[in-house]
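Have a look at target14.json; it's JSON, C-alpha atoms:
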[["chain", "number", "residue", "atom", "x", "y", "z"],
["Z", 55, "MET", "CA", 10.82, -18.00, -4.36],
["Z", 56, "ILE", "CA", 7.63, -16.15, -5.29],
["Z", 57, "SER", "CA", 5.67, -19.39, -4.94],
["Z", 58, "GLU", "CA", 7.01, -19.72, -1.38],
["Z", 59, "ILE", "CA", 5.86, -16.16, -0.61],
["Z", 60, "ILE", "CA", 2.37, -16.87, -1.97],
["Z", 61, "ASN", "CA", 2.10, -20.16, -0.09],
["Z", 62, "ALA", "CA", 3.17, -18.48, 3.18],
["Z", 63, "ILE", "CA", 0.67, -15.63, 2.78],
["Z", 64, "GLN", "CA", -2.12, -18.10, 2.02],
["Z", 65, "ASN", "CA", -1.21, -19.89, 5.25],
["Z", 66, "ASN", "CA", -1.38, -16.62, 7.23],
["Z", 67, "LEU", "CA", 2.39, -16.38, 7.78],
["Z", 68, "LEU", "CA", 4.69, -13.35, 7.57],
["Z", 69, "VAL", "CA", 6.86, -12.69, 4.52],
["Z", 70, "CYS", "CA", 9.17, -10.05, 3.11],
["Z", 71, "PHE", "CA", 9.78, -8.89, -0.45],
["Z", 72, "PRO", "CA", 11.11, -5.78, -2.22],
["Z", 73, "THR", "CA", 8.97, -2.98, -3.61],
["Z", 74, "GLU", "CA", 10.03, 0.04, -5.64],
["Z", 75, "THR", "CA", 10.15, 2.07, -2.40],
["Z", 76, "VAL", "CA", 11.40, -0.07, 0.52],
["Z", 77, "TYR", "CA", 11.28, -3.71, 1.59],
["Z", 78, "ALA", "CA", 7.81, -4.79, 2.69],
["Z", 79, "LEU", "CA", 6.80, -6.87, 5.69],
["Z", 80, "ALA", "CA", 3.60, -8.52, 4.49],
["Z", 81, "CYS", "CA", 0.81, -10.94, 5.31],
["Z", 82, "SER", "CA", -2.75, -11.68, 4.30],
["Z", 83, "ALA", "CA", -5.03, -8.70, 4.89],
["Z", 84, "LEU", "CA", -7.85, -11.11, 5.66],
["Z", 85, "ASP", "CA", -6.35, -12.75, 8.77],
["Z", 86, "SER", "CA", -6.44, -10.98, 12.14],
["Z", 87, "GLY", "CA", -3.81, -13.25, 13.67],
["Z", 88, "ALA", "CA", -1.22, -12.51, 10.98],
["Z", 89, "ILE", "CA", -1.90, -8.76, 11.16],
["Z", 90, "LYS", "CA", -1.54, -8.82, 14.95],
["Z", 91, "LYS", "CA", 1.81, -10.58, 14.52],
["Z", 92, "ILE", "CA", 3.04, -7.75, 12.27],
["Z", 93, "TYR", "CA", 2.17, -5.22, 14.97],
["Z", 94, "GLN", "CA", 4.04, -7.31, 17.51],
["Z", 95, "VAL", "CA", 7.26, -7.83, 15.55],
["Z", 96, "LYS", "CA", 7.37, -4.17, 14.48],
["Z", 97, "LYS", "CA", 6.58, -3.05, 18.05],
["Z", 98, "ARG", "CA", 3.97, -0.80, 16.50],
["Z", 99, "SER", "CA", 0.96, 0.65, 18.27],
["Z", 100, "GLN", "CA", -2.35, -0.77, 17.03],
["Z", 101, "ASN", "CA", -3.59, 2.83, 16.98],
["Z", 102, "LYS", "CA", -1.44, 3.28, 13.86],
["Z", 103, "PRO", "CA", -3.19, 1.64, 10.89],
["Z", 104, "LEU", "CA", -1.33, -0.52, 8.39],
["Z", 105, "SER", "CA", -1.63, 0.01, 4.65],
["Z", 106, "ILE", "CA", -2.87, -2.50, 2.09],
["Z", 107, "SER", "CA", -1.40, -3.46, -1.27],
["Z", 108, "VAL", "CA", -3.53, -4.64, -4.18],
["Z", 109, "SER", "CA", -2.81, -5.57, -7.78],
["Z", 110, "ASP", "CA", -4.96, -3.03, -9.65],
["Z", 111, "ILE", "CA", -7.68, -0.39, -9.40],
["Z", 112, "TYR", "CA", -10.45, -2.97, -9.70],
["Z", 113, "SER", "CA", -9.11, -4.75, -6.60],
["Z", 114, "LEU", "CA", -8.86, -1.38, -4.86],
["Z", 115, "THR", "CA", -12.54, -0.63, -5.51],
["Z", 116, "LYS", "CA", -13.55, -3.93, -3.89],
["Z", 117, "ILE", "CA", -12.35, -2.73, -0.49],
["Z", 118, "ALA", "CA", -12.49, 1.07, -0.72],
["Z", 119, "GLU", "CA", -14.85, 3.75, -2.00],
["Z", 120, "LEU", "CA", -13.38, 5.60, -4.96],
["Z", 121, "GLU", "CA", -15.08, 8.78, -6.12],
["Z", 122, "LYS", "CA", -15.32, 9.08, -9.87],
["Z", 123, "LYS", "CA", -13.42, 12.38, -9.81],
["Z", 124, "TYR", "CA", -10.32, 10.62, -8.41],
["Z", 125, "PHE", "CA", -10.30, 7.66, -10.77],
["Z", 126, "GLY", "CA", -8.18, 9.42, -13.41],
["Z", 127, "LEU", "CA", -5.67, 10.62, -10.82],
["Z", 128, "ILE", "CA", -5.16, 7.14, -9.35],
["Z", 129, "ASN", "CA", -5.04, 5.62, -12.81],
["Z", 130, "HIS", "CA", -2.29, 8.10, -13.74],
["Z", 131, "PHE", "CA", -0.06, 7.32, -10.76],
["Z", 132, "SER", "CA", -0.76, 3.59, -10.45],
["Z", 133, "PRO", "CA", 1.00, 1.31, -10.26],
["Z", 134, "GLY", "CA", 3.46, 3.46, -8.37],
["Z", 135, "PRO", "CA", 4.82, 4.80, -5.09],
["Z", 136, "ILE", "CA", 1.67, 6.51, -3.79],
["Z", 137, "THR", "CA", -0.53, 5.32, -0.93],
["Z", 138, "TYR", "CA", -4.13, 6.54, -1.15],
["Z", 139, "ILE", "CA", -6.25, 7.09, 1.96],
["Z", 140, "LEU", "CA", -9.80, 6.17, 0.98],
["Z", 141, "PRO", "CA", -13.09, 5.42, 2.77],
["Z", 142, "LEU", "CA", -13.66, 1.74, 3.47],
["Z", 143, "LYS", "CA", -16.61, 0.07, 1.77],
["Z", 144, "ASN", "CA", -19.54, -0.88, 4.01],
["Z", 145, "ASN", "CA", -19.21, -4.51, 2.95],
["Z", 146, "ASN", "CA", -15.63, -4.45, 4.19],
["Z", 147, "ILE", "CA", -13.99, -7.88, 3.88],
["Z", 148, "LEU", "CA", -11.05, -6.86, 6.08],
["Z", 149, "PRO", "CA", -10.93, -7.49, 9.85],
["Z", 150, "ASN", "CA", -12.69, -4.51, 11.47],
["Z", 151, "GLU", "CA", -10.43, -4.93, 14.48],
["Z", 152, "PHE", "CA", -7.73, -3.23, 12.41],
["Z", 153, "PHE", "CA", -9.54, -1.44, 9.58],
["Z", 154, "LYS", "CA", -12.23, 1.11, 10.36],
["Z", 155, "GLY", "CA", -13.52, 4.17, 8.53],
["Z", 156, "SER", "CA", -10.71, 4.64, 6.04],
["Z", 157, "ILE", "CA", -7.78, 2.69, 4.68],
["Z", 158, "GLY", "CA", -4.41, 3.28, 3.02],
["Z", 159, "VAL", "CA", -4.12, 1.41, -0.28],
["Z", 160, "ARG", "CA", -1.22, 1.14, -2.72],
["Z", 161, "ILE", "CA", -0.71, -0.53, -6.08],
["Z", 162, "PRO", "CA", 3.06, -1.17, -6.12],
["Z", 163, "ASN", "CA", 5.19, -0.92, -9.24],
["Z", 164, "HIS", "CA", 7.84, -3.60, -8.72],
["Z", 165, "PRO", "CA", 7.95, -6.82, -10.79],
["Z", 166, "ILE", "CA", 8.21, -9.07, -7.72],
["Z", 167, "ALA", "CA", 5.43, -7.31, -5.79],
["Z", 168, "ILE", "CA", 3.22, -7.22, -8.89],
["Z", 169, "SER", "CA", 3.77, -10.92, -9.57],
["Z", 170, "ILE", "CA", 2.86, -11.83, -5.97],
["Z", 171, "LEU", "CA", -0.32, -9.73, -5.99],
["Z", 172, "ASN", "CA", -1.43, -10.92, -9.42],
["Z", 173, "LYS", "CA", -1.13, -14.56, -8.38],
["Z", 174, "LEU", "CA", -2.71, -14.10, -4.95],
["Z", 175, "LYS", "CA", -5.72, -12.08, -6.17],
["Z", 176, "THR", "CA", -6.39, -10.97, -2.57],
["Z", 177, "PRO", "CA", -5.28, -7.84, -0.66],
["Z", 178, "ILE", "CA", -2.24, -8.03, 1.58],
["Z", 179, "VAL", "CA", -0.96, -5.91, 4.43],
["Z", 180, "ALA", "CA", 2.37, -4.48, 3.30],
["Z", 181, "THR", "CA", 4.31, -2.20, 5.62],
["Z", 182, "SER", "CA", 7.96, -1.20, 5.91],
["Z", 183, "ILE", "CA", 10.06, -3.95, 7.50],
["Z", 184, "ASN", "CA", 11.50, -2.02, 10.40],
["Z", 185, "ILE", "CA", 11.00, -1.55, 14.11],
["Z", 186, "SER", "CA", 8.39, 1.19, 14.50],
["Z", 187, "GLY", "CA", 10.05, 4.61, 14.51],
["Z", 188, "GLU", "CA", 13.30, 3.38, 12.99],
["Z", 189, "LYS", "CA", 14.55, 3.84, 9.43],
["Z", 190, "SER", "CA", 12.90, 1.85, 6.65],
["Z", 191, "VAL", "CA", 14.93, -0.89, 4.96],
["Z", 192, "CYS", "CA", 16.13, -0.66, 1.35],
["Z", 193, "LYS", "CA", 18.75, -3.45, 1.54],
["Z", 194, "ALA", "CA", 17.94, -7.02, 2.49],
["Z", 195, "SER", "CA", 21.08, -7.16, 4.64],
["Z", 196, "ASP", "CA", 19.59, -4.42, 6.85],
["Z", 197, "ILE", "CA", 16.42, -6.31, 7.79],
["Z", 198, "PRO", "CA", 16.41, -6.43, 11.60],
["Z", 199, "GLN", "CA", 17.17, -9.90, 12.92],
["Z", 200, "SER", "CA", 14.38, -9.50, 15.46],
["Z", 201, "ILE", "CA", 11.92, -9.36, 12.53],
["Z", 202, "ARG", "CA", 13.75, -11.72, 10.15],
["Z", 203, "GLN", "CA", 13.38, -14.59, 12.60],
["Z", 204, "HIS", "CA", 9.58, -14.37, 12.24],
["Z", 205, "LEU", "CA", 9.58, -14.56, 8.42],
["Z", 206, "SER", "CA", 8.44, -17.72, 6.70],
["Z", 207, "ALA", "CA", 9.65, -16.60, 3.26],
["Z", 208, "ILE", "CA", 11.77, -13.76, 1.92],
["Z", 209, "VAL", "CA", 12.87, -12.48, -1.49],
["Z", 210, "GLU", "CA", 16.18, -10.62, -1.36],
["Z", 211, "ASP", "CA", 16.73, -8.39, -4.39],
["Z", 212, "ASP", "CA", 17.93, -4.82, -3.85],
["Z", 213, "LYS", "CA", 18.19, -3.77, -7.51],
["Z", 214, "LEU", "CA", 14.96, -1.81, -7.94],
["Z", 215, "VAL", "CA", 14.47, -0.62, -4.34],
["Z", 216, "SER", "CA", 14.80, 3.19, -4.23],
["Z", 217, "GLY", "CA", 14.82, 3.58, -0.45],
["Z", 218, "ILE", "CA", 12.32, 6.44, -0.72],
["Z", 219, "GLU", "CA", 8.97, 5.72, 0.93],
["Z", 220, "SER", "CA", 5.66, 6.17, -0.84],
["Z", 221, "THR", "CA", 3.88, 9.50, -0.85],
["Z", 222, "VAL", "CA", 0.65, 9.35, 1.17],
["Z", 223, "ILE", "CA", -2.35, 11.35, -0.06],
["Z", 224, "ASP", "CA", -5.76, 11.60, 1.60],
["Z", 225, "LEU", "CA", -8.66, 11.24, -0.84],
["Z", 226, "ALA", "CA", -11.24, 10.58, 1.88],
["Z", 227, "ARG", "CA", -12.11, 14.30, 2.21],
["Z", 228, "ASP", "CA", -13.43, 16.99, -0.13],
["Z", 229, "LYS", "CA", -9.94, 18.33, -0.79],
["Z", 230, "ILE", "CA", -6.80, 16.31, -1.57],
["Z", 231, "ARG", "CA", -4.27, 16.42, 1.25],
["Z", 232, "VAL", "CA", -0.67, 15.19, 1.11],
["Z", 233, "LEU", "CA", 0.02, 13.51, 4.46],
["Z", 234, "ARG", "CA", 3.58, 12.42, 3.67],
["Z", 235, "GLU", "CA", 5.75, 13.53, 0.80],
["Z", 236, "GLY", "CA", 7.84, 10.67, -0.51],
["Z", 237, "ALA", "CA", 8.78, 9.34, -3.93],
["Z", 238, "VAL", "CA", 6.26, 11.60, -5.71],
["Z", 239, "SER", "CA", 6.47, 15.31, -4.91],
["Z", 240, "PHE", "CA", 3.65, 17.49, -3.62],
["Z", 241, "GLN", "CA", 4.01, 19.71, -6.73],
["Z", 242, "VAL", "CA", 3.60, 16.79, -9.15],
["Z", 243, "ILE", "CA", 0.49, 15.57, -7.34],
["Z", 244, "CYS", "CA", -1.05, 19.06, -7.30],
["Z", 245, "PHE", "CA", -0.34, 19.50, -11.01],
["Z", 246, "GLN", "CA", -1.93, 16.17, -11.98],
["Z", 247, "ALA", "CA", -4.87, 16.78, -9.63],
["Z", 248, "GLU", "CA", -5.58, 20.05, -11.43],
["Z", 249, "VAL", "CA", -5.20, 18.40, -14.85],
["Z", 250, "HIS", "CA", -7.75, 15.73, -13.93],
["Z", 251, "ARG", "CA", -10.08, 18.25, -12.27],
["Z", 252, "ARG", "CA", -10.25, 20.24, -15.50],
["Z", 253, "LYS", "CA", -10.70, 17.07, -17.53],
["Z", 254, "ASN", "CA", -13.61, 16.02, -15.28],
["Z", 255, "GLU", "CA", -15.21, 19.46, -15.61],
["Z", 256, "LYS", "CA", -14.88, 19.30, -19.40],
["Z", 257, "ASN", "CA", -16.42, 15.81, -19.48],
["Z", 258, "ASN", "CA", -19.28, 16.91, -17.25],
["Z", 259, "ARG", "CA", -20.10, 19.81, -19.59],
["Z", 260, "SER", "CA", -20.03, 17.69, -22.73]]
Structure rendered as structure tokens:
Amino acid sequence: MISEIINAIQNNLLVCFPTETVYALACSALDSGAIKKIYQVKKRSQNKPLSISVSDIYSLTKIAELEKKYFGLINHFSPGPITYILPLKNNNILPNEFFKGSIGVRIPNHPIAISILNKLKTPIVATSINISGEKSVCKASDIPQSIRQHLSAIVEDDKLVSGIESTVIDLARDKIRVLREGAVSFQVICFQAEVHRRKNEKNNRS
């Protein structure tokens, strides 16, 4: 089934698979037509950016600017249920119709999602598979039929899906901001941010 997902994404079609948070509606992040289709089937305003999933930190740094001081923090929480808002690189390979200035990037921690990303080796758009404004989906049986009919491939496996959305943190400014508290609490992020801040200070002095 994973091979069908990969083939569909490579052909700029829409797919669905589970992550450790909720089910993802996904497509190639390199194709404007596929991304536009996601906006249409979700009935989502194009003013609301979609997040990207990648396989590892190296892949993340190919599309986004990552300050050295945040590397340890992202390395600690990744792969995992945190979406990082980061500045886009100037040599942005993503369609600028949809991605400008900054971008939300996540490295998921689910065996199916990881396998797909590792084999694709390219970024994908991965957003919750729901009509915009409605509840996210944590069971395959709850995928809206109005979206399901547009899917070219789907993996249905509810076992490791928590139903709790990713935490969103903004690292594009001087100070870390939590934009949405989800699977990882604000307190845990603040604690680890302070741990890595002190570690960076210590390394800079040595």
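Candidate residues Z:Ser57, Z:Asp85, Z:Ile117, Z:Leu127 were compared for distance to Ser156 in chain Z, and the nearest is Z:Ile117, using only C-alpha atoms.
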For range 228-232 of chain Z, find every residue with an atom within 10 Å (counting only C-alpha atoms), except residues of its own chain fewer than 3 positions away, and show them as a list in words. Tyr124, Tyr138, Ile139, Thr221, Val222, Ile223, Asp224, Leu225, Glu235, Gly236, Ser239, Phe240, Ile243, Cys244 and Ala247 of chain Z
Shell around Pro198 in chain Z at 10 Å using only C-alpha atoms, local window under 6 positions removed, as a list of chain:residue names: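 The filter keeps Z:Lys96, Z:Ile183, Z:Asn184, Z:Ile185, Z:Val191.
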At a cut-off of 10 Å, using all atoms listed in the file, what residues contact range 71-74 of chain Z? Leave out same-chain residues fewer than 2 positions from it and give the result as a CSV table (one decimal) with C-alpha atoms, in the coordinates of the input.
chain,number,residue,atom,x,y,z
Z,55,MET,CA,10.8,-18.0,-4.4
Z,56,ILE,CA,7.6,-16.2,-5.3
Z,59,ILE,CA,5.9,-16.2,-0.6
Z,69,VAL,CA,6.9,-12.7,4.5
Z,76,VAL,CA,11.4,-0.1,0.5
Z,77,TYR,CA,11.3,-3.7,1.6
Z,78,ALA,CA,7.8,-4.8,2.7
Z,79,LEU,CA,6.8,-6.9,5.7
Z,80,ALA,CA,3.6,-8.5,4.5
Z,134,GLY,CA,3.5,3.5,-8.4
Z,135,PRO,CA,4.8,4.8,-5.1
Z,162,PRO,CA,3.1,-1.2,-6.1
Z,163,ASN,CA,5.2,-0.9,-9.2
Z,164,HIS,CA,7.8,-3.6,-8.7
Z,165,PRO,CA,8.0,-6.8,-10.8
Z,166,ILE,CA,8.2,-9.1,-7.7
Z,167,ALA,CA,5.4,-7.3,-5.8
Z,168,ILE,CA,3.2,-7.2,-8.9
Z,170,ILE,CA,2.9,-11.8,-6.0
Z,180,ALA,CA,2.4,-4.5,3.3
Z,182,SER,CA,8.0,-1.2,5.9
Z,183,ILE,CA,10.1,-4.0,7.5
Z,191,VAL,CA,14.9,-0.9,5.0
Z,192,CYS,CA,16.1,-0.7,1.4
Z,193,LYS,CA,18.8,-3.4,1.5
Z,194,ALA,CA,17.9,-7.0,2.5
Z,207,ALA,CA,9.6,-16.6,3.3
Z,208,ILE,CA,11.8,-13.8,1.9
Z,209,VAL,CA,12.9,-12.5,-1.5
Z,210,GLU,CA,16.2,-10.6,-1.4
Z,211,ASP,CA,16.7,-8.4,-4.4
Z,212,ASP,CA,17.9,-4.8,-3.8
Z,213,LYS,CA,18.2,-3.8,-7.5
Z,214,LEU,CA,15.0,-1.8,-7.9
Z,215,VAL,CA,14.5,-0.6,-4.3
Z,216,SER,CA,14.8,3.2,-4.2
Z,217,GLY,CA,14.8,3.6,-0.4
Z,218,ILE,CA,12.3,6.4,-0.7
Z,219,GLU,CA,9.0,5.7,0.9
Z,220,SER,CA,5.7,6.2,-0.8
Z,237,ALA,CA,8.8,9.3,-3.9
Judged by all atoms listed in the file, the minimum distance to Thr115 in chain Z among Z:Arg160, Z:Val95, Z:Asn101, Z:Ser82 is found for Z:Arg160
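Among the candidate residues Z:Gln246, Z:Asn258, Z:Ser107, Z:Asn146, the one lying nearest to Ile128 in chain Z is Z:Gln246, with distances computed using only C-alpha atoms.
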Of the listed residues Z:Ala226, Z:Gly87, Z:Glu58, Z:Gln94, that which approaches Pro149 in chain Z most closely, counting all atoms listed in the file: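 Smallest separation from Pro149 in chain Z among the options: Z:Gly87.
Here CA of Ile106 in chain Z is placed at a distance of 8.0 Å from CA of Thr181 in chain Z.
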Just want the 12 Å neighbourhood of Ser86 in chain Z, counted on all atoms listed in the file, with same-chain residues fewer than 5 positions away dropped. Output as a ChimeraX atom specification. /Z:66-67,81,91-93,147-153,178-179
